[in-house]
file work04.txt (compact mmCIF, C-alpha atoms and all ligand atoms)
# COMPACT_ATOMS: atom_id res chain seq x y z
CA MET A 1 27.31 -73.98 -86.08
CA PRO A 2 24.85 -74.44 -83.20
CA ARG A 3 21.23 -73.84 -84.12
CA LYS A 4 19.40 -70.72 -82.96
CA ARG A 5 16.97 -71.91 -80.27
CA ARG A 6 18.88 -71.73 -76.97
CA ILE A 7 18.39 -72.90 -73.45
CA THR A 8 17.23 -69.73 -71.78
CA ASP A 9 17.81 -70.72 -68.17
CA PRO A 10 21.44 -69.74 -67.61
CA GLY A 11 21.68 -72.18 -64.71
CA ALA A 12 20.88 -75.01 -67.10
CA LEU A 13 24.23 -74.64 -68.84
CA LEU A 14 27.10 -75.66 -66.67
CA PRO A 15 30.45 -74.62 -68.07
CA ARG A 16 33.37 -76.98 -67.45
CA LEU A 17 35.08 -75.32 -64.53
CA PRO A 18 38.73 -75.87 -63.83
CA ALA A 19 38.83 -78.95 -61.63
CA SER A 20 38.55 -76.97 -58.42
CA GLY A 21 37.53 -79.94 -56.31
CA SER A 22 40.06 -82.09 -58.02
CA VAL A 23 43.00 -83.88 -56.72
CA ASP A 24 45.82 -82.24 -54.80
CA PRO A 25 48.98 -84.09 -55.90
CA GLY A 26 50.36 -83.79 -52.39
CA ARG A 27 47.59 -86.07 -51.12
CA MET A 28 48.16 -88.82 -53.66
CA ARG A 29 50.48 -91.79 -53.65
CA HIS A 30 51.49 -93.60 -56.84
CA HIS A 31 49.87 -96.94 -57.36
CA GLY A 32 52.57 -99.29 -58.60
CA ARG A 33 50.70 -101.74 -60.81
CA THR A 34 48.27 -99.40 -62.53
CA GLY A 35 50.44 -96.32 -62.64
CA GLY A 36 47.43 -94.59 -61.09
CA VAL A 37 47.24 -93.06 -57.65
CA VAL A 38 45.93 -94.09 -54.26
CA MET A 39 44.35 -91.20 -52.44
CA ALA A 40 44.20 -90.56 -48.76
CA GLU A 41 40.63 -91.31 -47.59
CA GLU A 42 40.01 -87.74 -46.43
CA ALA A 43 40.93 -86.33 -49.84
CA LYS A 44 38.34 -88.42 -51.68
CA ALA A 45 35.29 -86.78 -53.24
CA LYS A 46 31.91 -87.52 -51.67
CA VAL A 47 29.31 -88.48 -54.24
CA GLY A 48 25.74 -88.29 -52.99
CA LEU A 49 23.84 -89.69 -55.95
CA GLY A 50 20.76 -91.92 -55.84
CA GLY A 51 18.31 -93.50 -58.32
CA VAL A 52 19.43 -93.69 -61.94
CA PRO A 53 22.32 -91.20 -61.58
CA GLU A 54 23.93 -93.54 -59.03
CA THR A 55 24.14 -96.25 -61.72
CA LEU A 56 27.01 -94.35 -63.33
CA LEU A 57 29.14 -95.63 -60.45
CA VAL A 58 28.38 -99.27 -61.38
CA THR A 59 29.72 -98.90 -64.91
CA LEU A 60 32.66 -96.78 -63.76
CA TYR A 61 33.62 -99.30 -61.08
CA HIS A 62 33.60 -102.26 -63.45
CA ARG A 63 35.49 -100.36 -66.16
CA ALA A 64 38.15 -99.42 -63.66
CA ALA A 65 38.32 -102.99 -62.32
CA GLU A 66 39.06 -104.27 -65.81
CA ALA A 67 41.52 -101.47 -66.54
CA ARG A 68 43.54 -102.43 -63.43
CA ARG A 69 44.23 -105.92 -64.75
CA PRO A 70 47.62 -106.66 -66.32
CA ASP A 71 45.78 -108.31 -69.25
CA ALA A 72 43.10 -105.57 -69.46
CA LEU A 73 40.91 -105.39 -72.57
CA LEU A 74 40.34 -101.70 -71.90
CA HIS A 75 42.97 -99.03 -71.36
CA ASP A 76 41.20 -96.56 -69.07
CA PRO A 77 43.55 -94.94 -66.54
CA LYS A 78 41.07 -92.08 -66.04
CA ALA A 79 38.42 -94.52 -64.78
CA VAL A 80 40.92 -95.98 -62.29
CA GLU A 81 41.84 -92.48 -61.14
CA LEU A 82 38.17 -91.57 -60.69
CA VAL A 83 37.29 -94.67 -58.66
CA ASP A 84 40.35 -94.14 -56.50
CA GLY A 85 39.31 -90.53 -55.93
CA ILE A 86 35.67 -91.17 -54.95
CA ASP A 87 34.48 -91.88 -51.44
CA TYR A 88 31.81 -94.54 -52.10
CA PRO A 89 31.37 -98.15 -50.90
CA PHE A 90 31.83 -99.60 -54.40
CA GLU A 91 32.53 -103.17 -53.36
CA ARG A 92 29.85 -103.22 -50.66
CA HIS A 93 27.19 -102.04 -53.12
CA PHE A 94 28.26 -103.60 -56.41
CA GLY A 95 30.15 -106.70 -55.26
CA THR A 96 33.66 -107.86 -55.99
CA PRO A 97 34.68 -107.14 -59.55
CA GLY A 98 35.03 -110.84 -60.39
CA LEU A 99 32.68 -113.11 -62.33
CA GLY A 100 33.59 -111.43 -65.62
CA ARG A 101 31.63 -108.27 -64.80
CA GLY A 102 34.61 -106.02 -65.48
CA GLN A 103 35.34 -107.85 -68.69
CA GLY A 104 31.70 -107.66 -69.81
CA GLN A 105 31.69 -103.93 -69.17
CA ALA A 106 34.99 -103.51 -71.02
CA LEU A 107 33.69 -105.36 -74.09
CA ARG A 108 30.56 -103.24 -74.14
CA VAL A 109 32.59 -100.05 -73.83
CA ARG A 110 35.11 -101.14 -76.51
CA CYS A 111 32.20 -101.72 -78.86
CA PHE A 112 30.99 -98.15 -78.26
CA ASP A 113 34.55 -96.81 -78.58
CA GLN A 114 35.13 -98.58 -81.88
CA ALA A 115 31.94 -97.07 -83.33
CA VAL A 116 33.00 -93.59 -82.18
CA GLU A 117 36.48 -94.14 -83.63
CA ARG A 118 34.94 -95.17 -86.99
CA PHE A 119 32.88 -91.96 -86.96
CA LEU A 120 35.97 -89.87 -86.16
CA ALA A 121 37.95 -91.55 -88.94
CA THR A 122 35.53 -90.01 -91.46
CA HIS A 123 34.61 -86.87 -89.44
CA PRO A 124 37.81 -85.94 -87.56
CA GLY A 125 36.43 -82.63 -86.28
CA GLY A 126 32.88 -83.90 -85.86
CA THR A 127 30.71 -83.59 -82.77
CA VAL A 128 30.02 -86.44 -80.39
CA VAL A 129 27.01 -85.82 -78.17
CA ALA A 130 27.10 -88.16 -75.17
CA LEU A 131 23.60 -88.37 -73.69
CA GLY A 132 23.57 -89.58 -70.07
CA GLU A 133 27.36 -89.67 -70.04
CA GLY A 134 27.74 -89.92 -66.27
CA LEU A 135 31.41 -90.43 -65.42
CA GLU A 136 32.24 -92.08 -68.72
CA THR A 137 35.85 -91.43 -69.71
CA GLN A 138 35.36 -92.15 -73.38
CA PHE A 139 36.61 -88.74 -74.50
CA TRP A 140 40.09 -89.58 -73.18
CA ARG A 141 40.02 -93.03 -74.77
CA VAL A 142 39.06 -91.89 -78.28
CA ASP A 143 40.25 -88.27 -78.51
CA ASN A 144 41.86 -87.58 -81.89
CA GLY A 145 42.83 -84.01 -81.00
CA GLN A 146 40.01 -82.47 -83.05
CA VAL A 147 36.70 -83.96 -81.91
CA ARG A 148 34.15 -81.67 -80.28
CA TRP A 149 32.36 -83.25 -77.37
CA LEU A 150 29.06 -82.37 -75.75
CA THR A 151 28.03 -84.12 -72.55
CA VAL A 152 24.32 -83.97 -71.74
CA ASP A 153 23.27 -85.25 -68.34
CA LEU A 154 21.09 -84.37 -65.37
CA PRO A 155 22.17 -81.44 -63.15
CA GLU A 156 22.96 -83.64 -60.11
CA THR A 157 25.20 -85.87 -62.21
CA LEU A 158 26.99 -82.97 -63.85
CA GLU A 159 27.60 -81.41 -60.47
CA VAL A 160 29.71 -84.52 -59.75
CA ARG A 161 31.31 -84.66 -63.19
CA ARG A 162 32.23 -80.99 -62.99
CA ARG A 163 34.21 -81.67 -59.80
CA LEU A 164 36.07 -84.77 -60.98
CA PRO A 165 37.59 -85.32 -64.41
CA PRO A 166 39.80 -82.48 -65.60
CA ALA A 167 38.27 -79.75 -67.79
CA GLU A 168 39.05 -80.08 -71.48
CA PRO A 169 38.76 -77.22 -73.97
CA ARG A 170 36.90 -79.31 -76.56
CA VAL A 171 34.40 -80.76 -74.07
CA ARG A 172 31.22 -78.89 -73.15
CA THR A 173 28.66 -80.02 -70.63
CA LEU A 174 24.99 -79.27 -70.65
CA ALA A 175 22.97 -79.86 -67.48
CA CYS A 176 19.71 -80.89 -68.99
CA SER A 177 17.60 -84.00 -69.44
CA ALA A 178 18.10 -85.76 -72.75
CA LEU A 179 14.31 -85.53 -72.95
CA ASP A 180 14.47 -81.74 -72.98
CA GLU A 181 14.97 -81.13 -76.67
CA ARG A 182 16.62 -77.77 -76.11
CA TRP A 183 20.03 -79.48 -75.97
CA MET A 184 19.62 -80.15 -79.67
CA ASP A 185 20.00 -76.45 -80.36
CA GLU A 186 23.47 -76.49 -78.80
CA VAL A 187 24.93 -79.06 -81.18
CA ASP A 188 27.42 -77.97 -83.82
CA THR A 189 26.34 -80.04 -86.83
CA SER A 190 28.76 -78.49 -89.34
CA ARG A 191 31.30 -81.34 -89.32
CA GLY A 192 29.01 -84.30 -88.69
CA VAL A 193 27.27 -85.57 -85.56
CA LEU A 194 27.25 -88.84 -83.69
CA LEU A 195 24.87 -89.13 -80.74
CA THR A 196 25.56 -91.75 -78.11
CA ALA A 197 23.25 -93.05 -75.39
CA GLN A 198 25.31 -95.60 -73.48
CA GLY A 199 23.44 -97.08 -70.54
CA LEU A 200 20.64 -94.51 -70.74
CA LEU A 201 17.59 -95.61 -72.75
CA MET A 202 16.74 -98.62 -70.57
CA TYR A 203 16.01 -96.23 -67.67
CA LEU A 204 13.46 -94.24 -69.68
CA GLN A 205 9.80 -95.02 -70.32
CA PRO A 206 9.13 -96.61 -73.73
CA ALA A 207 7.16 -93.55 -74.90
CA GLU A 208 10.10 -91.32 -73.87
CA VAL A 209 12.54 -93.46 -75.85
CA HIS A 210 10.30 -93.32 -78.92
CA ARG A 211 9.98 -89.55 -78.68
CA LEU A 212 13.72 -89.04 -78.10
CA VAL A 213 14.81 -91.27 -80.98
CA ALA A 214 12.25 -89.69 -83.33
CA ALA A 215 13.38 -86.19 -82.35
CA CYS A 216 17.05 -87.11 -82.92
CA ALA A 217 16.27 -88.63 -86.33
CA GLN A 218 14.37 -85.51 -87.20
CA GLN A 219 16.85 -82.93 -85.89
CA PHE A 220 20.11 -84.52 -87.05
CA PRO A 221 19.70 -85.50 -90.70
CA GLY A 222 22.73 -87.46 -91.88
CA GLY A 223 23.73 -88.21 -88.27
CA ALA A 224 23.49 -91.40 -86.24
CA LEU A 225 22.56 -92.63 -82.78
CA LEU A 226 24.62 -95.27 -81.01
CA PHE A 227 22.79 -96.87 -78.08
CA ASP A 228 22.33 -100.02 -76.08
CA GLY A 229 19.33 -101.83 -74.70
CA VAL A 230 18.60 -104.67 -72.31
CA PRO A 231 16.54 -107.81 -73.00
CA ARG A 232 12.91 -108.01 -71.90
CA TRP A 233 13.62 -110.54 -69.12
CA LEU A 234 16.11 -108.19 -67.49
CA SER A 235 13.77 -105.22 -67.81
CA THR A 236 11.00 -107.30 -66.18
CA ARG A 237 13.26 -108.41 -63.34
CA THR A 238 14.31 -104.85 -62.55
CA MET A 239 10.69 -103.73 -62.58
CA ARG A 240 9.94 -106.34 -59.92
CA GLY A 241 12.95 -105.25 -57.85
CA MET A 242 16.41 -106.64 -58.53
CA GLU A 243 19.21 -106.57 -56.01
CA MET A 244 22.81 -106.35 -57.08
CA SER A 245 23.83 -106.88 -53.47
CA GLU A 246 22.36 -106.67 -49.99
CA HIS A 247 23.04 -102.95 -50.11
CA TYR A 248 22.15 -101.96 -53.65
CA GLN A 249 18.98 -102.37 -55.67
CA VAL A 250 19.13 -101.84 -59.44
CA PRO A 251 16.72 -99.06 -60.51
CA PRO A 252 13.81 -100.12 -62.74
CA MET A 253 14.60 -100.41 -66.45
CA PRO A 254 11.24 -99.88 -68.15
CA TRP A 255 12.52 -99.96 -71.74
CA ALA A 256 13.63 -103.24 -73.29
CA LEU A 257 15.15 -103.68 -76.72
CA ASP A 258 13.24 -106.60 -78.22
CA ALA A 259 12.30 -107.43 -81.80
CA ALA A 260 9.09 -105.38 -81.58
CA GLU A 261 11.06 -102.32 -80.46
CA GLN A 262 13.56 -102.82 -83.25
CA ARG A 263 10.70 -102.98 -85.79
CA ARG A 264 9.28 -99.84 -84.30
CA LEU A 265 12.59 -97.98 -84.59
CA ARG A 266 13.09 -99.20 -88.16
CA SER A 267 9.65 -97.93 -89.11
CA HIS A 268 10.67 -94.31 -88.46
CA SER A 269 10.73 -92.55 -91.82
CA ASN A 270 14.14 -90.96 -91.25
CA ILE A 271 15.91 -94.03 -89.79
CA VAL A 272 17.52 -95.50 -92.88
CA GLU A 273 19.49 -98.22 -91.14
CA LEU A 274 19.37 -99.97 -87.76
CA ARG A 275 22.29 -102.28 -87.25
CA GLU A 276 23.54 -104.31 -84.34
CA LEU A 277 27.22 -103.93 -83.48
CA ARG A 278 29.25 -106.86 -82.27
CA PRO A 279 31.47 -106.49 -79.26
CA PRO A 280 35.09 -107.56 -79.69
CA ARG A 281 36.24 -111.00 -78.60
CA GLY A 282 37.12 -111.28 -74.93
CA ARG A 283 39.12 -113.63 -72.72
CA GLY A 284 38.29 -117.17 -71.66
CA VAL A 285 35.67 -119.68 -72.80
CA PHE A 286 32.63 -117.48 -72.06
CA ASN A 287 33.71 -114.14 -73.54
CA GLY A 288 36.31 -115.55 -75.93
CA THR A 289 34.31 -118.40 -77.49
CA LEU A 290 30.67 -118.64 -76.41
CA MET A 291 29.64 -114.98 -76.55
CA PRO A 292 31.12 -114.30 -80.00
CA LEU A 293 29.01 -117.25 -81.25
CA VAL A 294 25.85 -116.11 -79.47
CA THR A 295 26.13 -112.54 -80.73
CA ARG A 296 26.37 -113.84 -84.29
CA LEU A 297 23.07 -115.70 -84.03
CA PRO A 298 20.04 -114.00 -85.55
CA LEU A 299 17.48 -113.10 -82.88
CA VAL A 300 15.48 -116.30 -82.45
CA GLY A 301 11.81 -115.34 -82.38
CA GLY A 302 12.95 -111.80 -81.67
CA ARG A 303 14.40 -112.84 -78.30
CA ILE A 304 17.77 -111.76 -77.09
CA PRO A 305 19.52 -114.92 -75.80
CA PRO A 306 19.33 -114.93 -71.99
CA LEU A 307 23.13 -114.89 -71.72
CA LEU A 308 23.27 -111.37 -73.07
CA LEU A 309 22.65 -108.43 -70.79
CA TRP A 310 22.70 -105.81 -73.51
CA ARG A 311 22.84 -105.27 -77.25
CA ILE A 312 24.44 -102.31 -78.95
CA MET A 313 22.77 -100.74 -81.98
CA LEU A 314 23.56 -98.02 -84.46
CA ALA A 315 20.65 -96.11 -86.01
CA ARG A 316 21.60 -94.06 -89.06
CA PHE A 317 19.47 -91.09 -90.00
CA GLY A 318 18.58 -90.12 -93.55
CA THR A 319 19.03 -86.65 -94.91
CA SER A 320 15.33 -85.84 -94.85
CA THR A 321 14.22 -83.01 -92.60
CA THR A 322 10.50 -83.40 -93.21
CA LYS A 323 8.41 -84.27 -90.18
CA PRO A 324 7.50 -87.96 -90.08
CA GLY A 325 3.78 -88.55 -90.55
C1 LIG B 1 24.06 -96.25 -66.19
S1 LIG B 1 24.51 -94.56 -66.10
C2 LIG B 1 25.45 -94.52 -67.61
C3 LIG B 1 26.60 -93.60 -67.51
C4 LIG B 1 27.57 -93.73 -68.68
N1 LIG B 1 26.95 -93.46 -69.94
C5 LIG B 1 28.21 -95.10 -68.68
O1 LIG B 1 27.88 -95.92 -69.55
O2 LIG B 1 29.03 -95.33 -67.79
C6 LIG B 1 23.03 -93.66 -66.51
C7 LIG B 1 23.27 -92.18 -66.75
O3 LIG B 1 22.09 -91.61 -67.32
C8 LIG B 1 21.89 -90.34 -66.74
N2 LIG B 1 20.47 -89.99 -66.93
C9 LIG B 1 19.38 -90.55 -66.36
N3 LIG B 1 18.26 -89.97 -66.83
C10 LIG B 1 18.66 -89.03 -67.72
C11 LIG B 1 17.99 -88.10 -68.55
N4 LIG B 1 16.66 -88.03 -68.57
N5 LIG B 1 18.72 -87.29 -69.33
C12 LIG B 1 20.07 -87.35 -69.33
N6 LIG B 1 20.76 -88.22 -68.58
C13 LIG B 1 20.07 -89.04 -67.79
C14 LIG B 1 22.32 -90.52 -65.31
O4 LIG B 1 22.56 -89.29 -64.67
C15 LIG B 1 23.58 -91.37 -65.51
O5 LIG B 1 24.69 -90.56 -65.75

call {"tool": "encode", "arguments": {"input": "work04.txt", "output": "structure tokens"}}
result
Amino acid sequence: MPRKRRITDPGALLPRLPASGSVDPGRMRHHGRTGGVVMAEEAKAKVGLGGVPETLLVTLYHRAAEARRPDALLHDPKAVELVDGIDYPFERHFGTPGLGRGQGQALRVRCFDQAVERFLATHPGGTVVALGEGLETQFWRVDNGQVRWLTVDLPETLEVRRRLPPAEPRVRTLACSALDERWMDEVDTSRGVLLTAQGLLMYLQPAEVHRLVAACAQQFPGGALLFDGVPRWLSTRTMRGMEMSEHYQVPPMPWALDAAEQRRLRSHSNIVELRELRPPRGRGVFNGTLMPLVTRLPLVGGRIPPLLLWRIMLARFGTSTTKPG
């Protein structure tokens, strides 16, 4: 059952409303190849996000681009439906979905999905807490009919999420920063907990990441945190200003996952295991041959090979509830 401490500001808890701003079937046309829909421009939802919240559109766009392919590595019709229903200059800001970007995103997401599916295989009615979930559609990809889902994201992001994907009875949303530990009181821990932070930690300050991970390890004994991180060179480039296109600058990513950070995470008294997860094999020479080899190499001198944009880790928590010293 949820713990006792509760978020007292009623406005901080956004219930999943019926999809009031959602799609009117009369305004949609079927999209032959994807089985999705093409919406009339005027029926599309305006999304006025900026800064880090806007980055959820990058990952959504590339997921959908991959899912549209006949040889897609990711089955994600909800992502396609969302992109088709949003009024946003995706291509102008994030470029054409070529150059393996969609595939890279799909492999990253499949790696997260597989870890969630492994958790659900042993905890069918467990709770998945998706921190910084944005417009991820993972619930629909991994739903086993029993999982309980808690989305934690910033109010401006959840205002968008609340309008778009359909409401689901087993999905709750909490409009609150992941750094505001009050969300922890809302988690039903009775059937096991898996926390995910996909595409979130890199946007936080290192001290914030350390505090958040320590608090999770402390508050969810026996649970685990699934997260990704970017290499130091990418973090440094974004801090100096990195353009994805003429029209879109990537927000700074202050936190990098290097060997020192991994040592730091491992040193937490209630983190009993920190393991890197390998993405599945992709298509072509790069993602089908080269990347599987690179991801099997031990970190040379603690450096993530420059070909990799992210690494995915699973931190398992021990059963201790004593405060770390
Ligand atoms: C790159 S997007 C990732 C979205 C999604 N997880 C995915 O992989 O597609 C970053 C997300 O983190 C959210 N975010 C940023 N700062 C946050 C915070 N302090 N607490 C919770 N969510 C946050 C943003 O609103 C956005 O949804």

call {"tool": "closest_residue", "arguments": {"input": "work04.txt", "among": "A:Leu158, A:Ala45, A:Leu201, A:Val129", "to": "Arg170 in chain A", "atoms": "all atoms listed in the file"}}
result
A:Val129

call {"tool": "closest_atom_pairs", "arguments": {"input": "work04.txt", "of": "chain A", "to": "ligand LIG 1 (chain B)", "cutoff": "9 Å", "atoms": "all atoms listed in the file", "output": "JSON lines"}}
result
{"residue": "A:Leu49", "atom": "CA", "partner": "B:LIG1", "partner_atom": "O4", "distance": 8.8}
{"residue": "A:Gly51", "atom": "CA", "partner": "B:LIG1", "partner_atom": "C14", "distance": 8.6}
{"residue": "A:Val52", "atom": "CA", "partner": "B:LIG1", "partner_atom": "C9", "distance": 5.4}
{"residue": "A:Pro53", "atom": "CA", "partner": "B:LIG1", "partner_atom": "O4", "distance": 3.6}
{"residue": "A:Glu54", "atom": "CA", "partner": "B:LIG1", "partner_atom": "C15", "distance": 6.8}
{"residue": "A:Thr55", "atom": "CA", "partner": "B:LIG1", "partner_atom": "C1", "distance": 4.5}
{"residue": "A:Leu56", "atom": "CA", "partner": "B:LIG1", "partner_atom": "S1", "distance": 3.7}
{"residue": "A:Leu57", "atom": "CA", "partner": "B:LIG1", "partner_atom": "O2", "distance": 7.3}
{"residue": "A:Val58", "atom": "CA", "partner": "B:LIG1", "partner_atom": "C1", "distance": 7.1}
{"residue": "A:Thr59", "atom": "CA", "partner": "B:LIG1", "partner_atom": "O2", "distance": 4.6}
{"residue": "A:Leu60", "atom": "CA", "partner": "B:LIG1", "partner_atom": "O2", "distance": 5.6}
{"residue": "A:Arg63", "atom": "CA", "partner": "B:LIG1", "partner_atom": "O2", "distance": 8.3}
{"residue": "A:Gln105", "atom": "CA", "partner": "B:LIG1", "partner_atom": "O1", "distance": 8.9}
{"residue": "A:Val109", "atom": "CA", "partner": "B:LIG1", "partner_atom": "O1", "distance": 7.6}
{"residue": "A:Ala130", "atom": "CA", "partner": "B:LIG1", "partner_atom": "N1", "distance": 7.4}
{"residue": "A:Leu131", "atom": "CA", "partner": "B:LIG1", "partner_atom": "C12", "distance": 5.7}
{"residue": "A:Gly132", "atom": "CA", "partner": "B:LIG1", "partner_atom": "N6", "distance": 3.5}
{"residue": "A:Glu133", "atom": "CA", "partner": "B:LIG1", "partner_atom": "N1", "distance": 3.8}
{"residue": "A:Gly134", "atom": "CA", "partner": "B:LIG1", "partner_atom": "O5", "distance": 3.2}
{"residue": "A:Leu135", "atom": "CA", "partner": "B:LIG1", "partner_atom": "O2", "distance": 5.9}
{"residue": "A:Glu136", "atom": "CA", "partner": "B:LIG1", "partner_atom": "O2", "distance": 4.7}
{"residue": "A:Thr137", "atom": "CA", "partner": "B:LIG1", "partner_atom": "O2", "distance": 8.1}
{"residue": "A:Val152", "atom": "CA", "partner": "B:LIG1", "partner_atom": "C12", "distance": 5.9}
{"residue": "A:Asp153", "atom": "CA", "partner": "B:LIG1", "partner_atom": "N6", "distance": 3.9}
{"residue": "A:Leu154", "atom": "CA", "partner": "B:LIG1", "partner_atom": "N6", "distance": 5.0}
{"residue": "A:Pro155", "atom": "CA", "partner": "B:LIG1", "partner_atom": "O4", "distance": 8.0}
{"residue": "A:Glu156", "atom": "CA", "partner": "B:LIG1", "partner_atom": "O4", "distance": 7.3}
{"residue": "A:Thr157", "atom": "CA", "partner": "B:LIG1", "partner_atom": "O4", "distance": 5.0}
{"residue": "A:Leu158", "atom": "CA", "partner": "B:LIG1", "partner_atom": "O4", "distance": 7.8}
{"residue": "A:Ala175", "atom": "CA", "partner": "B:LIG1", "partner_atom": "C12", "distance": 8.2}
{"residue": "A:Cys176", "atom": "CA", "partner": "B:LIG1", "partner_atom": "C12", "distance": 6.5}
{"residue": "A:Ser177", "atom": "CA", "partner": "B:LIG1", "partner_atom": "N5", "distance": 3.5}
{"residue": "A:Ala178", "atom": "CA", "partner": "B:LIG1", "partner_atom": "N5", "distance": 3.8}
{"residue": "A:Leu179", "atom": "CA", "partner": "B:LIG1", "partner_atom": "N4", "distance": 5.6}
{"residue": "A:Asp180", "atom": "CA", "partner": "B:LIG1", "partner_atom": "N5", "distance": 7.9}
{"residue": "A:Thr196", "atom": "CA", "partner": "B:LIG1", "partner_atom": "N1", "distance": 8.5}
{"residue": "A:Ala197", "atom": "CA", "partner": "B:LIG1", "partner_atom": "N1", "distance": 6.6}
{"residue": "A:Gln198", "atom": "CA", "partner": "B:LIG1", "partner_atom": "N1", "distance": 4.4}
{"residue": "A:Gly199", "atom": "CA", "partner": "B:LIG1", "partner_atom": "C2", "distance": 4.4}
{"residue": "A:Leu200", "atom": "CA", "partner": "B:LIG1", "partner_atom": "O3", "distance": 4.7}
{"residue": "A:Leu201", "atom": "CA", "partner": "B:LIG1", "partner_atom": "O3", "distance": 8.1}
{"residue": "A:Met202", "atom": "CA", "partner": "B:LIG1", "partner_atom": "C1", "distance": 8.9}
{"residue": "A:Tyr203", "atom": "CA", "partner": "B:LIG1", "partner_atom": "N3", "distance": 6.7}
{"residue": "A:Leu204", "atom": "CA", "partner": "B:LIG1", "partner_atom": "N3", "distance": 7.0}

call {"tool": "closest_residue", "arguments": {"input": "work04.txt", "among": "A:Trp310, A:Val147, A:Gly95, A:Pro252", "to": "Ser235 in chain A", "atoms": "all atoms listed in the file"}}
result
A:Pro252

call {"tool": "atom_distance", "arguments": {"input": "work04.txt", "atom1": "CA of His62 in chain A", "atom2": "CA of Ala106 in chain A"}}
result
7.8 Å

call {"tool": "atom_distance", "arguments": {"input": "work04.txt", "atom1": "CA of Gly104 in chain A", "atom2": "CA of Gly50 in chain A"}}
result
23.7 Å

call {"tool": "closest_residue", "arguments": {"input": "work04.txt", "among": "A:Pro169, A:Gly318, A:Pro280, A:Gly241", "to": "Gln219 in chain A", "atoms": "only C-alpha atoms"}}
result
A:Gly318

call {"tool": "atom_distance", "arguments": {"input": "work04.txt", "atom1": "CA of Ile86 in chain A", "atom2": "CA of Pro166 in chain A"}}
result
14.4 Å

call {"tool": "closest_residue", "arguments": {"input": "work04.txt", "among": "A:Pro231, A:Gly125, A:Gly102, A:Pro89", "to": "Glu261 in chain A", "atoms": "only C-alpha atoms"}}
result
A:Pro231

call {"tool": "closest_residue", "arguments": {"input": "work04.txt", "among": "A:Arg163, A:Arg211, A:Arg281, A:Lys44", "to": "Leu73 in chain A", "atoms": "only C-alpha atoms"}}
result
A:Arg281

call {"tool": "closest_residue", "arguments": {"input": "work04.txt", "among": "A:Glu159, A:Met239, A:Ala65, A:Leu226", "to": "Val116 in chain A", "atoms": "only C-alpha atoms"}}
result
A:Leu226

call {"tool": "residues_near_point", "arguments": {"input": "work04.txt", "point": "(17.9, -80.3, -78.0)", "cutoff": "9 Å", "atoms": "all atoms listed in the file", "output": "number ranges by chain"}}
result
A: 5-7, 178-187, 215-216, 219

call {"tool": "residues_around", "arguments": {"input": "work04.txt", "residues": "Met244 in chain A", "least_positions_apart": "2", "cutoff": "9 Å", "atoms": "all atoms listed in the file", "output": "CSV table (one decimal) with C-alpha atoms, in the coordinates of the input"}}
result
chain,number,residue,atom,x,y,z
A,93,HIS,CA,27.2,-102.0,-53.1
A,94,PHE,CA,28.3,-103.6,-56.4
A,95,GLY,CA,30.2,-106.7,-55.3
A,242,MET,CA,16.4,-106.6,-58.5
A,246,GLU,CA,22.4,-106.7,-50.0
A,247,HIS,CA,23.0,-103.0,-50.1
A,248,TYR,CA,22.2,-102.0,-53.6
A,249,GLN,CA,19.0,-102.4,-55.7
A,250,VAL,CA,19.1,-101.8,-59.4

call {"tool": "decode", "arguments": {"input": "work04.txt", "residues": "range 138-147 of chain A", "atoms": "N, CA and C atoms", "output": "compact mmCIF listing (two decimals), in the first residue's frame"}}
result
# COMPACT_ATOMS: atom_id res chain seq x y z
N GLN A 138 5.59 3.38 -23.14
CA GLN A 138 6.06 2.07 -22.70
C GLN A 138 4.95 1.24 -22.07
N PHE A 139 4.06 1.90 -21.33
CA PHE A 139 2.98 1.14 -20.70
C PHE A 139 2.27 0.26 -21.72
N TRP A 140 1.97 0.81 -22.89
CA TRP A 140 1.22 0.06 -23.91
C TRP A 140 2.09 -1.02 -24.56
N ARG A 141 3.40 -0.83 -24.52
CA ARG A 141 4.28 -1.86 -25.11
C ARG A 141 4.49 -3.05 -24.18
N VAL A 142 4.44 -2.81 -22.86
CA VAL A 142 4.81 -3.90 -21.94
C VAL A 142 3.65 -4.37 -21.06
N ASP A 143 2.50 -3.75 -21.19
CA ASP A 143 1.39 -4.05 -20.27
C ASP A 143 1.07 -5.55 -20.25
N ASN A 144 1.03 -6.11 -19.04
CA ASN A 144 0.69 -7.53 -18.89
C ASN A 144 -0.71 -7.71 -18.31
N GLY A 145 -1.45 -6.61 -18.25
CA GLY A 145 -2.82 -6.67 -17.74
C GLY A 145 -2.92 -6.53 -16.23
N GLN A 146 -1.77 -6.49 -15.54
CA GLN A 146 -1.83 -6.41 -14.07
C GLN A 146 -0.95 -5.30 -13.50
N VAL A 147 0.06 -4.90 -14.27
CA VAL A 147 1.02 -3.92 -13.74
C VAL A 147 0.32 -2.64 -13.28
